[in-house]
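> Structure incoming, see below.
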Amino acid sequence: MQLGVNVPNFGPGTDPGVLREWARIVEGLGFDLLMVSDHVAVTPDVSARYPAPFYEPFTTLSWLAGITTRVRLGTTVLVMPYRHPLLVARMATDLDQLSGGRLVLGVGVGWARQEFDALGVPFTARGRLTDEHLVALRKAWHEERHERTAPIPLWVGGNSEAGIRRAIRFGDAWHPLRGTLPWMRSVVTSRTLPAFAPRIALRLTDAPVSGPERLAGTGTLEQVREDLDELRRLGADAVVLDPYHGDPEETRRPHEAWRALTSVATHWKTSS
């Protein structure tokens with residue numbers, strides 16, 4: 001099972017120097033994936049959670065491809081209705097080629113109504129548009145498959161029933177975001193999924209965290225290790241750790257996330 005990191009590509013503490021250091025640490029600690037998020041227009045609903053500067057994912061990953069050598073690069077998740085699917089197909093193909101075949105394209109339907117309005121995309125049609133764009137994306141990739149040595153993995157995000165069905169229909173993996181272990185277990189054991197690659201929280205605490213609403217990846221280091229072991233037993237091909245907890249001021253203190261990632265990486269190597 002591979003381990004990845006969702007790197008904040010936004011917020012008041014994020015700049016090219018910080019992003020470069022994130023890449024150095026993620027690759028240096030031996031993580032397998034470095035993934036970033038997607039927003040195009042930082043409207044008020046987006047800014048409340050993910051304020052500017054917000055570095056566009058394809059641009060950011062292309063730059064990071066040049067300063068890394070091994071780590072896979074990906075989106076968690078690209079909002080499919082925001083861009084023409086042929087543009088996504090071209091940008092993804094180019095980035096995959098320029099990075100030496102390291103791209104993982106995670107996609108989703110999006111949630112920010114004001115951002116949809118700003119981009120002139122109908123919010124209520126986002127599910128249908130995502131399905132249509134995924135059909136077009138797959139078709140474009142099929143037609144230009146001679147340009148790649150291997151297909152780009154397509155992870156389909158979504159915690160809803162529609163999102164799970166979309167992953168089964170279009171994806172190479174289901175990519176749920178920040179769920180509980182019992183819920184993910186119930187889905188994995190009751191469906192025939194293409195593969196399983198969740199993004200989970202990473203919040204280390206001194207005392208154990210209990211209760212049915214505990215998110216996977218939250219608690220003591222031992223609890224996080226047990227969560228990762230359980231996800232591996234459930235057949236996860238990859239797990240992406242998300243050390244951002246919703247306060248933009250966290251981006252000014254990246255060392256806290258780096259310490260947590262160092263602890264997990266060290267213990268994961270020991271137990272693997």
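Residue numbers start at 1 in each chain; chains themselves are named A, B, ... in the order of the structure tokens; ligands are numbered from 1 in the order shown.
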What lies within 12 Å of Thr266 of chain A using only C-alpha atoms, ignoring chain neighbours under 6 positions off, as a list in words?
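Near Thr266 of chain A, the qualifying residues are Gly28, Leu29, Gly30, Phe31, Leu221, Arg225, Arg259, Ala260 and Ser272 of chain A.
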> What's around segment 65-76 of chain A at 6 Å? Count only C-alpha atoms, leave out sequence neighbours fewer than 4 positions away in its own chain, and write the answer as a PyMOL selection string.
chain A and resi 27+32-37+61+99+102-106
> Pull N, CA and C atoms from the residues just selected and write them as a PDB file, in the first residue's frame.

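This went into result-v1.pdb:
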```
ATOM      1  N   GLU A  27       8.958  13.959  -0.464  1.00  0.00           N
ATOM      2  CA  GLU A  27       9.795  13.000  -1.180  1.00  0.00           C
ATOM      3  C   GLU A  27      10.900  12.460  -0.277  1.00  0.00           C
ATOM      4  N   ASP A  32       4.934   8.210  -1.248  1.00  0.00           N
ATOM      5  CA  ASP A  32       4.812   7.791  -2.641  1.00  0.00           C
ATOM      6  C   ASP A  32       4.080   8.790  -3.512  1.00  0.00           C
ATOM      7  N   LEU A  33       3.223   9.627  -2.910  1.00  0.00           N
ATOM      8  CA  LEU A  33       2.419  10.566  -3.689  1.00  0.00           C
ATOM      9  C   LEU A  33       2.439  11.936  -3.041  1.00  0.00           C
ATOM     10  N   LEU A  34       2.421  12.963  -3.878  1.00  0.00           N
ATOM     11  CA  LEU A  34       2.224  14.344  -3.447  1.00  0.00           C
ATOM     12  C   LEU A  34       1.039  14.872  -4.247  1.00  0.00           C
ATOM     13  N   MET A  35      -0.033  15.254  -3.535  1.00  0.00           N
ATOM     14  CA  MET A  35      -1.260  15.645  -4.215  1.00  0.00           C
ATOM     15  C   MET A  35      -1.703  17.031  -3.759  1.00  0.00           C
ATOM     16  N   VAL A  36      -2.375  17.758  -4.642  1.00  0.00           N
ATOM     17  CA  VAL A  36      -2.854  19.104  -4.329  1.00  0.00           C
ATOM     18  C   VAL A  36      -4.326  19.220  -4.722  1.00  0.00           C
ATOM     19  N   SER A  37      -4.949  20.279  -4.243  1.00  0.00           N
ATOM     20  CA  SER A  37      -6.381  20.491  -4.442  1.00  0.00           C
ATOM     21  C   SER A  37      -6.638  21.444  -5.607  1.00  0.00           C
ATOM     22  N   LEU A  61       1.716  21.400 -10.137  1.00  0.00           N
ATOM     23  CA  LEU A  61       2.302  20.069 -10.279  1.00  0.00           C
ATOM     24  C   LEU A  61       3.353  20.027 -11.380  1.00  0.00           C
ATOM     25  N   SER A  99       6.494  14.667 -16.536  1.00  0.00           N
ATOM     26  CA  SER A  99       6.927  14.176 -15.219  1.00  0.00           C
ATOM     27  C   SER A  99       7.467  12.755 -15.270  1.00  0.00           C
ATOM     28  N   ARG A 102       4.305  10.191 -13.949  1.00  0.00           N
ATOM     29  CA  ARG A 102       4.051  10.191 -12.502  1.00  0.00           C
ATOM     30  C   ARG A 102       2.684  10.738 -12.102  1.00  0.00           C
ATOM     31  N   LEU A 103       1.804  11.061 -13.048  1.00  0.00           N
ATOM     32  CA  LEU A 103       0.538  11.714 -12.705  1.00  0.00           C
ATOM     33  C   LEU A 103      -0.523  10.719 -12.252  1.00  0.00           C
ATOM     34  N   VAL A 104      -1.263  11.110 -11.213  1.00  0.00           N
ATOM     35  CA  VAL A 104      -2.503  10.460 -10.794  1.00  0.00           C
ATOM     36  C   VAL A 104      -3.577  11.540 -10.824  1.00  0.00           C
ATOM     37  N   LEU A 105      -4.621  11.338 -11.624  1.00  0.00           N
ATOM     38  CA  LEU A 105      -5.664  12.357 -11.751  1.00  0.00           C
ATOM     39  C   LEU A 105      -6.859  11.966 -10.890  1.00  0.00           C
ATOM     40  N   GLY A 106      -6.998  12.651  -9.753  1.00  0.00           N
ATOM     41  CA  GLY A 106      -8.188  12.506  -8.931  1.00  0.00           C
ATOM     42  C   GLY A 106      -9.203  13.559  -9.319  1.00  0.00           C
TER      43      GLY A 106
END
```
> Hey, what's within 8 Å of Val156 of chain A if we count only C-alpha atoms and toss same-chain stuff fewer than 6 positions away? As a ChimeraX atom specification, please?
/A:106-108,163,166-167,170-175
> Excluding Trp258 of chain A and its own-chain neighbours fewer than 2 positions away, which residues fall within 9 Å of it when counting only C-alpha atoms? Please give them as an NGL selection string.
:A and (22 or 25-26 or 243 or 254-256 or 260-263)
> What lies within 9 Å of segment 119-129 of chain A using only C-alpha atoms, ignoring chain neighbours under 5 positions off, as a list in words?
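Counting only C-alpha atoms, the residues come to Val40, Ala41, Met80, Pro81, Tyr82, Gly108, Val109, Gly110, Trp111, Ala112, Arg113, Gln114, Leu134, Ala162 and Gly163 of chain A.
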> Could those selected residues go to a file with all heavy atoms, as a CSV table (one decimal), in the first residue's frame?

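Saved result, again-v4.csv, follows:
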```
chain,number,residue,atom,x,y,z
A,40,VAL,N,-10.6,27.4,-8.9
A,40,VAL,CA,-10.2,28.3,-10.0
A,40,VAL,C,-10.5,29.7,-9.6
A,40,VAL,O,-9.7,30.6,-9.8
A,40,VAL,CB,-11.0,27.9,-11.3
A,40,VAL,CG1,-10.8,28.9,-12.4
A,40,VAL,CG2,-10.6,26.5,-11.8
A,41,ALA,N,-11.7,30.0,-9.1
A,41,ALA,CA,-12.1,31.3,-8.7
A,41,ALA,C,-12.3,31.3,-7.1
A,41,ALA,O,-13.1,30.5,-6.6
A,41,ALA,CB,-13.4,31.7,-9.3
A,80,MET,N,-14.2,18.5,-12.1
A,80,MET,CA,-14.3,18.2,-13.5
A,80,MET,C,-15.1,19.2,-14.3
A,80,MET,O,-14.8,19.6,-15.4
A,80,MET,CB,-14.9,16.8,-13.7
A,80,MET,CG,-13.9,15.7,-13.6
A,80,MET,SD,-12.5,15.8,-14.8
A,80,MET,CE,-13.3,15.6,-16.4
A,81,PRO,N,-16.3,19.7,-13.7
A,81,PRO,CA,-17.1,20.7,-14.6
A,81,PRO,C,-16.4,22.0,-14.8
A,81,PRO,O,-17.0,22.8,-15.6
A,81,PRO,CB,-18.4,20.8,-13.7
A,81,PRO,CG,-18.4,19.7,-12.8
A,81,PRO,CD,-17.0,19.4,-12.5
A,82,TYR,N,-15.3,22.3,-14.2
A,82,TYR,CA,-14.7,23.7,-14.3
A,82,TYR,C,-14.0,23.9,-15.6
A,82,TYR,O,-13.8,25.0,-16.1
A,82,TYR,CB,-13.8,24.0,-13.2
A,82,TYR,CG,-14.4,24.2,-11.8
A,82,TYR,CD1,-13.6,24.4,-10.7
A,82,TYR,CD2,-15.8,24.4,-11.7
A,82,TYR,CE1,-14.2,24.6,-9.5
A,82,TYR,CE2,-16.4,24.7,-10.5
A,82,TYR,CZ,-15.6,24.8,-9.4
A,82,TYR,OH,-16.1,25.0,-8.2
A,108,GLY,N,-13.5,15.1,-9.1
A,108,GLY,CA,-14.8,15.2,-8.3
A,108,GLY,C,-15.7,16.2,-8.9
A,108,GLY,O,-15.4,16.8,-9.9
A,109,VAL,N,-16.9,16.3,-8.3
A,109,VAL,CA,-18.0,17.1,-8.9
A,109,VAL,C,-17.9,18.6,-8.4
A,109,VAL,O,-18.4,19.5,-9.0
A,109,VAL,CB,-19.4,16.6,-8.6
A,109,VAL,CG1,-19.5,15.2,-9.2
A,109,VAL,CG2,-19.7,16.6,-7.1
A,110,GLY,N,-17.3,18.8,-7.2
A,110,GLY,CA,-17.2,20.2,-6.7
A,110,GLY,C,-18.4,20.5,-5.7
A,110,GLY,O,-19.4,19.8,-5.7
A,111,TRP,N,-18.2,21.5,-4.9
A,111,TRP,CA,-19.2,21.9,-3.9
A,111,TRP,C,-19.5,23.4,-3.8
A,111,TRP,O,-20.5,23.8,-3.2
A,111,TRP,CB,-18.7,21.4,-2.5
A,111,TRP,CG,-17.4,22.0,-2.2
A,111,TRP,CD1,-16.2,21.4,-2.4
A,111,TRP,CD2,-17.2,23.2,-1.5
A,111,TRP,NE1,-15.2,22.3,-1.9
A,111,TRP,CE2,-15.7,23.4,-1.4
A,111,TRP,CE3,-18.0,24.3,-1.0
A,111,TRP,CZ2,-15.2,24.5,-0.8
A,111,TRP,CZ3,-17.4,25.4,-0.4
A,111,TRP,CH2,-16.0,25.5,-0.3
A,112,ALA,N,-18.6,24.2,-4.4
A,112,ALA,CA,-18.7,25.7,-4.1
A,112,ALA,C,-19.7,26.4,-5.1
A,112,ALA,O,-19.3,26.7,-6.2
A,112,ALA,CB,-17.3,26.3,-4.1
A,113,ARG,N,-20.9,26.6,-4.6
A,113,ARG,CA,-21.9,27.2,-5.5
A,113,ARG,C,-21.5,28.5,-6.1
A,113,ARG,O,-21.7,28.8,-7.3
A,113,ARG,CB,-23.2,27.3,-4.8
A,113,ARG,CG,-24.4,27.8,-5.6
A,113,ARG,CD,-25.7,28.0,-4.8
A,113,ARG,NE,-26.3,26.8,-4.5
A,113,ARG,CZ,-27.2,26.1,-5.2
A,113,ARG,NH1,-27.6,26.6,-6.3
A,113,ARG,NH2,-27.7,25.0,-4.7
A,114,GLN,N,-20.9,29.4,-5.3
A,114,GLN,CA,-20.5,30.7,-5.8
A,114,GLN,C,-19.4,30.6,-6.8
A,114,GLN,O,-19.4,31.4,-7.8
A,114,GLN,CB,-20.1,31.6,-4.6
A,114,GLN,CG,-21.2,32.0,-3.7
A,114,GLN,CD,-20.7,32.7,-2.4
A,114,GLN,OE1,-19.5,32.8,-2.2
A,114,GLN,NE2,-21.6,33.2,-1.7
A,134,LEU,N,-16.3,13.0,-18.0
A,134,LEU,CA,-15.5,11.7,-17.8
A,134,LEU,C,-15.5,10.8,-19.1
A,134,LEU,O,-14.6,10.2,-19.4
A,134,LEU,CB,-15.9,11.0,-16.6
A,134,LEU,CG,-15.5,11.6,-15.2
A,134,LEU,CD1,-16.2,10.9,-14.1
A,134,LEU,CD2,-14.0,11.6,-15.1
A,162,ALA,N,-24.0,8.6,-5.3
A,162,ALA,CA,-23.7,8.9,-6.7
A,162,ALA,C,-22.2,8.9,-7.0
A,162,ALA,O,-21.8,8.5,-8.0
A,162,ALA,CB,-24.3,10.3,-7.0
A,163,GLY,N,-21.5,9.4,-6.0
A,163,GLY,CA,-20.0,9.4,-6.2
A,163,GLY,C,-19.4,8.0,-6.3
A,163,GLY,O,-18.5,7.7,-7.0
```
> Return the single residue from A:Arg83, A:Lys269, A:Arg203, A:Arg232 that is closest to Ala257 of chain A, with distances computed using only C-alpha atoms.
A:Arg203
> Where in segment 6-182 of chain A does DSSP assign strand (DSSP E), given as number ranges by chain?
A: 6, 33-36, 72-79, 103-108, 154-157, 173-175
> Please determine, counting only C-alpha atoms, which residue among A:Thr251, A:Ser190, A:Thr270, A:Ser160 has the shortest atom-to-atom distance to Phe54 of chain A.
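Using only C-alpha atoms, Phe54 of chain A sits closest to A:Thr251.
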> Give me, as a list in words, the residues of segment 205-242 of chain A that a backbone DSSP run labels alpha helix (DSSP H).
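Selecting the alpha helix (DSSP H) positions of segment 205-242 of chain A gives Leu221, Glu222, Gln223, Val224, Arg225, Glu226, Asp227, Leu228, Asp229, Glu230, Leu231, Arg232 and Arg233 of chain A.
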> Tell me which protein, DNA and RNA residues are within 9 Å of Trp141 of chain A, counting only C-alpha atoms, leaving out same-chain ones fewer than 3 positions away, and put them as a PyMOL selection string.
chain A and resi 89-90+93+136-138+144-145+151-152
> Between atom CA of Thr192 of chain A and atom CA of Leu154 of chain A, what distance in Å does the model show, to one decimal?
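Atom CA of Thr192 of chain A sits 16.7 Å away from atom CA of Leu154 of chain A.
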